[in-house]
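Report on the structure given below.
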Amino acid sequence: MLDRSILGSYQDIFLEQYWQKKPLLIRQAIPGGMNYIDGDELAGFAGQEGVESRLVIDHGANKWETRFGPFEDDMWSSLPDRSWSILVQAVDRLLPEVSRLRDRFRFLPNWRVDDIMISYAVDQGGVGPHTDHYDVFLIQGQGRRRWEIGGESLHNPELIPDLEMKILKTFESVQSFELDPGDMLYLPPGFAHNGVALGECITYSVGFRAPHQKELLLSYLQFCSQNMGEENFYQDEKLLADREPGLILPQELSRLRQLMLNGIADENLFYKWIGGFLTEPRSFHEQAEQEYTAKSILKGLGQGRSVCRAEGGRFAYYPVGDRLHFAVEGECIVVDSSLAEVVALLCREQEWNAALLLAHAEKLGFMELLCHLWNQSYLRWTDLS
C-alpha cells in the first residue's frame, strides 16, 4: 500500500505556503523513483486508438515539430538519436500502478485531479519553455531531467507563432534544478518552465484541472437548455399605444435579461449538472460486458473477494438538502443521505475488502448503487486486474 500522502506531515504547510503560490522542489518524494513503465511500453500505448499521445521533436533554432498519435510501430526507428519526446495522457486509466499513484495526493480534492501524463525523452528531449493553466507535480520516474523555472506567474505570454505546441517566444530562467529518480517539482499555474532530458528519462506529470469560466458556462448553458421547462416564455408587463415601434424600452431589456438569469439561477439544475461536469472523464467509458445483480455481487463478497475502482476513475460527492449527490465519471447519482459514510469511503479509497462493503449491505439503496457502479464498469473485482 502506498503512503497516504506524498508530503508526509507537511500537507498543511504546503497548502498554506506553496499551493497556487510558488514552486517547490522536494528531493526523494518517492525514494528511488518509479519503474511502472518503460519507453517501449509507453510507445506501445502511443500506438493505440483512443489514447491521446504526442511526439515532440526539437529541430533547433525554435523549429519544433509536433505529431499526434496513434503512431505506427515502424515510425520510432526513423527518429533521430536525440532531442525528442513522446507524451501520453491519462496513463492512470491504463495501468493500475499509475492509478494508485493518485493515492499519494489525497490531501487534495478528487475533483481537481485531471490525469497522470507520462513522458519519455531521449537525451536533450523536451517540449520547450511553456506555461500551464493548471497545478502540476512533475515526478522523475527514471533517468534525470533538468528543469529551468521562471520567476513569476505569467498572464497572456507571447508564444512562437505557427506551432502546434504553445512554446514561449522568450523565456528567462531564474532557477534551475536537476532531478534524479524520485525527486518531485511542484509548479503553480502560469509559471514558465522548461524541462530537458539528461540522457533517456521518464517523467510523471500529475495535473490538477482548473475549469475556465467559459468552459463552465458553455457546459452549464447546454445542460440548462436540455433540462429546463418549456413554459418560460417572455411576457410583457404593460404596453403603451403611443410608443415608438422601433424602440426597445429599458424595462423590456431588463425583463429579458432577468428571464435569462432566472434560467441559469435554478439551484436544482446546477446541483444536477456540476458533479457530472467535474468528474467527466477524458475518454469514452464502456459498460460492463455482463450484467451484475445484487445476488451475484453479494455472492462474491461472501467469498471474500475484494473490490477496486476502475483505473483513473473520478469519484466525488456533495450533500444537497437531505439527499446526497454522488458524482462518478461524468454521471451524478442521487442517493439517500444514510449512505454518506460508505460514499465517502468509495471516494477516499481505491480498493475495499469484502467485510468492509458487507457491513453496509443492508443500508437503503446501497446494493442498488453497487449494481449500477458495477454495470457501468466503475467498479470490479480486484482479482480480475
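Residues in the C-alpha cells are named by chain (A, B, ... in the order shown) and by number from 1 within that chain; ligands are numbered from 1 in the order shown.
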| task | Apply DSSP to the structure's backbone, then extract all residues of stretch 80-308 of chain A labelled alpha helix (DSSP H) and return them as a PyMOL selection string. | result | chain A and resi 96-100+213-227+250-264+267-279+294-302
Exercise: stretch 284-298 of chain A partners within 12 Å, only C-alpha atoms, chain neighbours under 6 positions left out, as a CSV table (one decimal) with C-alpha atoms, in the first residue's frame:
```csv
chain,number,residue,atom,x,y,z
A,49,GLU,CA,-6.6,4.1,-30.9
A,50,GLY,CA,-8.4,6.2,-28.2
A,51,VAL,CA,-5.1,7.0,-26.3
A,52,GLU,CA,-4.1,10.7,-26.5
A,93,ARG,CA,-6.6,4.9,-16.8
A,304,GLY,CA,-14.1,-12.7,0.5
A,305,ARG,CA,-13.3,-11.1,-2.9
A,306,SER,CA,-12.1,-7.6,-2.6
A,307,VAL,CA,-13.3,-4.7,-4.9
A,310,ALA,CA,-11.6,1.2,-12.3
A,311,GLU,CA,-8.2,2.8,-13.1
A,312,GLY,CA,-8.3,6.6,-13.0
A,313,GLY,CA,-11.9,6.8,-12.0
A,314,ARG,CA,-13.2,10.1,-10.6
A,328,VAL,CA,-18.9,9.4,-10.9
A,329,GLU,CA,-17.2,9.6,-14.2
A,330,GLY,CA,-19.5,12.4,-15.6
A,331,GLU,CA,-22.7,11.0,-14.0
A,354,ALA,CA,-15.4,-7.7,1.3
A,355,ALA,CA,-16.1,-7.3,5.0
A,357,LEU,CA,-18.6,-3.4,2.0
A,358,LEU,CA,-20.8,-6.2,3.5
A,359,ALA,CA,-21.1,-4.1,6.6
A,360,HIS,CA,-23.2,-1.6,4.6
A,361,ALA,CA,-25.2,-4.1,2.5
A,362,GLU,CA,-28.5,-3.6,4.4
A,365,GLY,CA,-30.2,1.7,-1.7
A,366,PHE,CA,-26.6,0.5,-1.2
A,367,MET,CA,-26.8,-2.7,-3.2
A,368,GLU,CA,-28.7,-0.9,-6.0
A,369,LEU,CA,-25.8,1.6,-6.1
A,370,LEU,CA,-23.2,-1.1,-6.2
A,371,CYS,CA,-25.0,-2.8,-9.1
A,372,HIS,CA,-25.1,0.4,-11.1
A,373,LEU,CA,-21.5,1.2,-10.5
A,374,TRP,CA,-20.5,-2.4,-11.4
A,375,ASN,CA,-22.6,-2.4,-14.6
A,376,GLN,CA,-21.1,0.9,-15.7
A,377,SER,CA,-17.6,-0.6,-15.1
A,378,TYR,CA,-16.8,1.9,-12.4
A,379,LEU,CA,-16.1,-1.0,-10.0
A,380,ARG,CA,-14.7,-4.5,-10.5
A,381,TRP,CA,-13.3,-7.4,-8.6
```
| request: Rank nothing, just name the residue among A:Pro80, A:Gly39, A:Pro70, A:Pro96 nearest to A:Glu351, using only C-alpha atoms. | output: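 Between A:Pro80, A:Gly39, A:Pro70, A:Pro96, the residue approaching A:Glu351 most closely is A:Pro96.
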| said: Would you compute the distance between atom CA of A:Leu95 and atom CA of A:Leu25? Give it in Å to one decimal. | reply: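 Those two atoms sit 26.4 Å apart.
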Can you tell me, as a short mmCIF file (atom, residue, chain, number, x, y, z; two decimals) with N, CA and C atoms, in the first residue's frame, what residues are no more than 6 Å from stretch 138-155 of chain A when counting only C-alpha atoms, ignoring any on the same chain fewer than 3 positions away?
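Saved result, around.cif, follows:
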```
data_model
loop_
_atom_site.label_atom_id
_atom_site.label_comp_id
_atom_site.auth_asym_id
_atom_site.auth_seq_id
_atom_site.Cartn_x
_atom_site.Cartn_y
_atom_site.Cartn_z
N GLY A 33 12.50 6.59 -7.22
CA GLY A 33 11.73 6.75 -8.44
C GLY A 33 10.72 5.63 -8.67
N MET A 34 10.26 5.49 -9.90
CA MET A 34 9.21 4.52 -10.25
C MET A 34 9.57 3.80 -11.54
N GLU A 172 13.02 33.47 -19.59
CA GLU A 172 14.13 33.83 -18.70
C GLU A 172 14.06 32.96 -17.46
N SER A 173 15.06 32.15 -17.29
CA SER A 173 15.11 31.25 -16.14
C SER A 173 15.73 31.94 -14.94
N VAL A 174 15.11 31.75 -13.76
CA VAL A 174 15.69 32.30 -12.52
C VAL A 174 16.11 31.18 -11.57
N GLN A 175 15.65 29.94 -11.84
CA GLN A 175 16.05 28.80 -11.03
C GLN A 175 16.28 27.61 -11.95
N SER A 176 17.20 26.74 -11.57
CA SER A 176 17.47 25.54 -12.34
C SER A 176 17.74 24.38 -11.39
N PHE A 177 17.09 23.25 -11.65
CA PHE A 177 17.26 22.06 -10.81
C PHE A 177 17.48 20.84 -11.70
N GLU A 178 18.33 19.95 -11.26
CA GLU A 178 18.48 18.65 -11.90
C GLU A 178 17.82 17.61 -11.03
N LEU A 179 16.81 16.93 -11.58
CA LEU A 179 16.02 15.97 -10.81
C LEU A 179 16.51 14.56 -11.07
N ASP A 180 16.73 13.82 -10.00
CA ASP A 180 17.08 12.41 -10.04
C ASP A 180 15.82 11.58 -9.82
N PRO A 181 15.86 10.27 -10.09
CA PRO A 181 14.68 9.43 -9.87
C PRO A 181 14.13 9.58 -8.45
N GLY A 182 12.83 9.88 -8.36
CA GLY A 182 12.17 10.08 -7.08
C GLY A 182 12.01 11.52 -6.66
N ASP A 183 12.75 12.45 -7.30
CA ASP A 183 12.59 13.88 -6.99
C ASP A 183 11.31 14.41 -7.62
N MET A 184 10.73 15.43 -7.00
CA MET A 184 9.46 15.98 -7.48
C MET A 184 9.50 17.50 -7.45
N LEU A 185 8.97 18.11 -8.50
CA LEU A 185 8.88 19.56 -8.60
C LEU A 185 7.41 19.95 -8.73
N GLY A 190 0.73 29.03 -14.46
CA GLY A 190 1.31 30.24 -15.04
C GLY A 190 2.82 30.36 -14.94
N PHE A 191 3.49 29.53 -14.17
CA PHE A 191 4.95 29.64 -14.03
C PHE A 191 5.62 28.99 -15.24
N ALA A 192 6.41 29.77 -15.95
CA ALA A 192 7.13 29.25 -17.11
C ALA A 192 8.15 28.21 -16.66
N HIS A 193 8.28 27.16 -17.45
CA HIS A 193 9.25 26.11 -17.12
C HIS A 193 9.71 25.41 -18.39
N ASN A 194 10.90 24.85 -18.31
CA ASN A 194 11.49 24.16 -19.45
C ASN A 194 12.25 22.95 -18.93
N GLY A 195 11.84 21.75 -19.36
CA GLY A 195 12.48 20.52 -18.92
C GLY A 195 13.27 19.89 -20.06
N VAL A 196 14.52 19.54 -19.78
CA VAL A 196 15.39 18.94 -20.80
C VAL A 196 15.96 17.65 -20.24
N ALA A 197 15.82 16.55 -20.97
CA ALA A 197 16.31 15.25 -20.53
C ALA A 197 17.84 15.22 -20.57
N LEU A 198 18.42 14.66 -19.52
CA LEU A 198 19.87 14.46 -19.45
C LEU A 198 20.12 12.97 -19.65
N GLU A 200 18.36 9.41 -21.46
CA GLU A 200 16.99 8.91 -21.50
C GLU A 200 16.33 9.10 -20.14
N CYS A 201 15.05 9.48 -20.14
CA CYS A 201 14.36 9.64 -18.86
C CYS A 201 12.85 9.51 -19.04
N ILE A 202 12.19 9.24 -17.91
CA ILE A 202 10.73 9.15 -17.86
C ILE A 202 10.24 10.06 -16.73
N THR A 203 9.26 10.90 -17.05
CA THR A 203 8.71 11.86 -16.09
C THR A 203 7.20 11.67 -15.99
N TYR A 204 6.70 11.67 -14.76
CA TYR A 204 5.27 11.56 -14.48
C TYR A 204 4.75 12.96 -14.14
N SER A 205 3.71 13.38 -14.82
CA SER A 205 3.11 14.70 -14.57
C SER A 205 1.71 14.51 -14.01
#
```
| query | Between A:Asp266, A:Ser77, A:Ile13, A:Ser5, which has the minimum distance to A:Asp40 (counting only C-alpha atoms)? | reply |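 Closest residue, counting only C-alpha atoms: A:Ser77.
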| message | When DSSP is applied to the backbone of this structure, which of stretch 197-318 of chain A are assigned strand (DSSP E)? Write them out as a ChimeraX atom specification. | response | /A:197,201-208,307-309,315-318
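Atom pair atom CA of A:Phe208 / atom CA of A:Leu163 has a distance of 24.8 Å (rounded to one decimal).
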| field | Between atom CA of A:Ile116 and atom CA of A:Ala316 - distance in Å to one decimal | value |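 It comes out at 18.1 Å.
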| said: Given only C-alpha atoms as the basis, pick out the residue of A:Val127, A:Ile160, A:Leu168, A:Val206 nearest to A:Arg102. | reply: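 Ranking A:Val127, A:Ile160, A:Leu168, A:Val206 by distance to A:Arg102, first place goes to A:Val206.
Excluding stretch 85-90 of chain A and any residue on its chain fewer than 4 positions from it, the residues at most 6 Å away by only C-alpha atoms are A:Glu52, A:Ser53, A:Arg54, A:Leu55, A:Val56, A:Asp115, A:Ile116, A:Met117, A:Ile118, A:Ser119, A:Tyr120, A:Ala121, A:Gly125, A:Gly126.
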I need the residues from that last selection saved to file as a compact mmCIF listing (two decimals), in the first residue's frame (with C-alpha atoms), if you can.
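Full text of part_17.txt as output:
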```txt
# COMPACT_ATOMS: atom_id res chain seq x y z
CA GLU A 52 -4.13 10.69 -26.50
CA SER A 53 -0.45 10.95 -27.36
CA ARG A 54 2.05 13.37 -28.91
CA LEU A 55 5.57 13.27 -30.29
CA VAL A 56 7.60 16.48 -29.99
CA ASP A 115 -4.85 12.92 -15.13
CA ILE A 116 -1.36 11.50 -14.92
CA MET A 117 0.61 12.08 -18.08
CA ILE A 118 3.87 10.19 -18.64
CA SER A 119 6.62 11.36 -20.97
CA TYR A 120 9.63 9.52 -22.29
CA ALA A 121 12.52 11.54 -23.69
CA GLY A 125 14.40 15.85 -25.37
CA GLY A 126 11.70 18.22 -24.11
```
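Of the listed residues (A:Lys63, A:Ala43, A:Glu244, A:Thr382), A:Ala43 comes nearest to A:Met75; the distances count only C-alpha atoms.
Every protein, DNA or RNA residue with an atom at most 12 Å from A:Glu215, where only C-alpha atoms count and chain neighbours fewer than 6 positions away do not, is listed here: Arg209, Leu221, Gln222, Phe277 and Leu278 of chain A.
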| said: Please determine, counting only C-alpha atoms, which residue among A:Gln11, A:Asn62, A:Gln350, A:Thr131 has the shortest atom-to-atom distance to A:Pro161. | reply: A:Asn62
| Given the choices A:Thr170, A:Ser9, A:Ser83, A:Asn227, which gets closest to A:Gly263 if the distance is worked out from only C-alpha atoms? |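 Nearest candidate to A:Gly263 out of A:Thr170, A:Ser9, A:Ser83, A:Asn227: A:Asn227.
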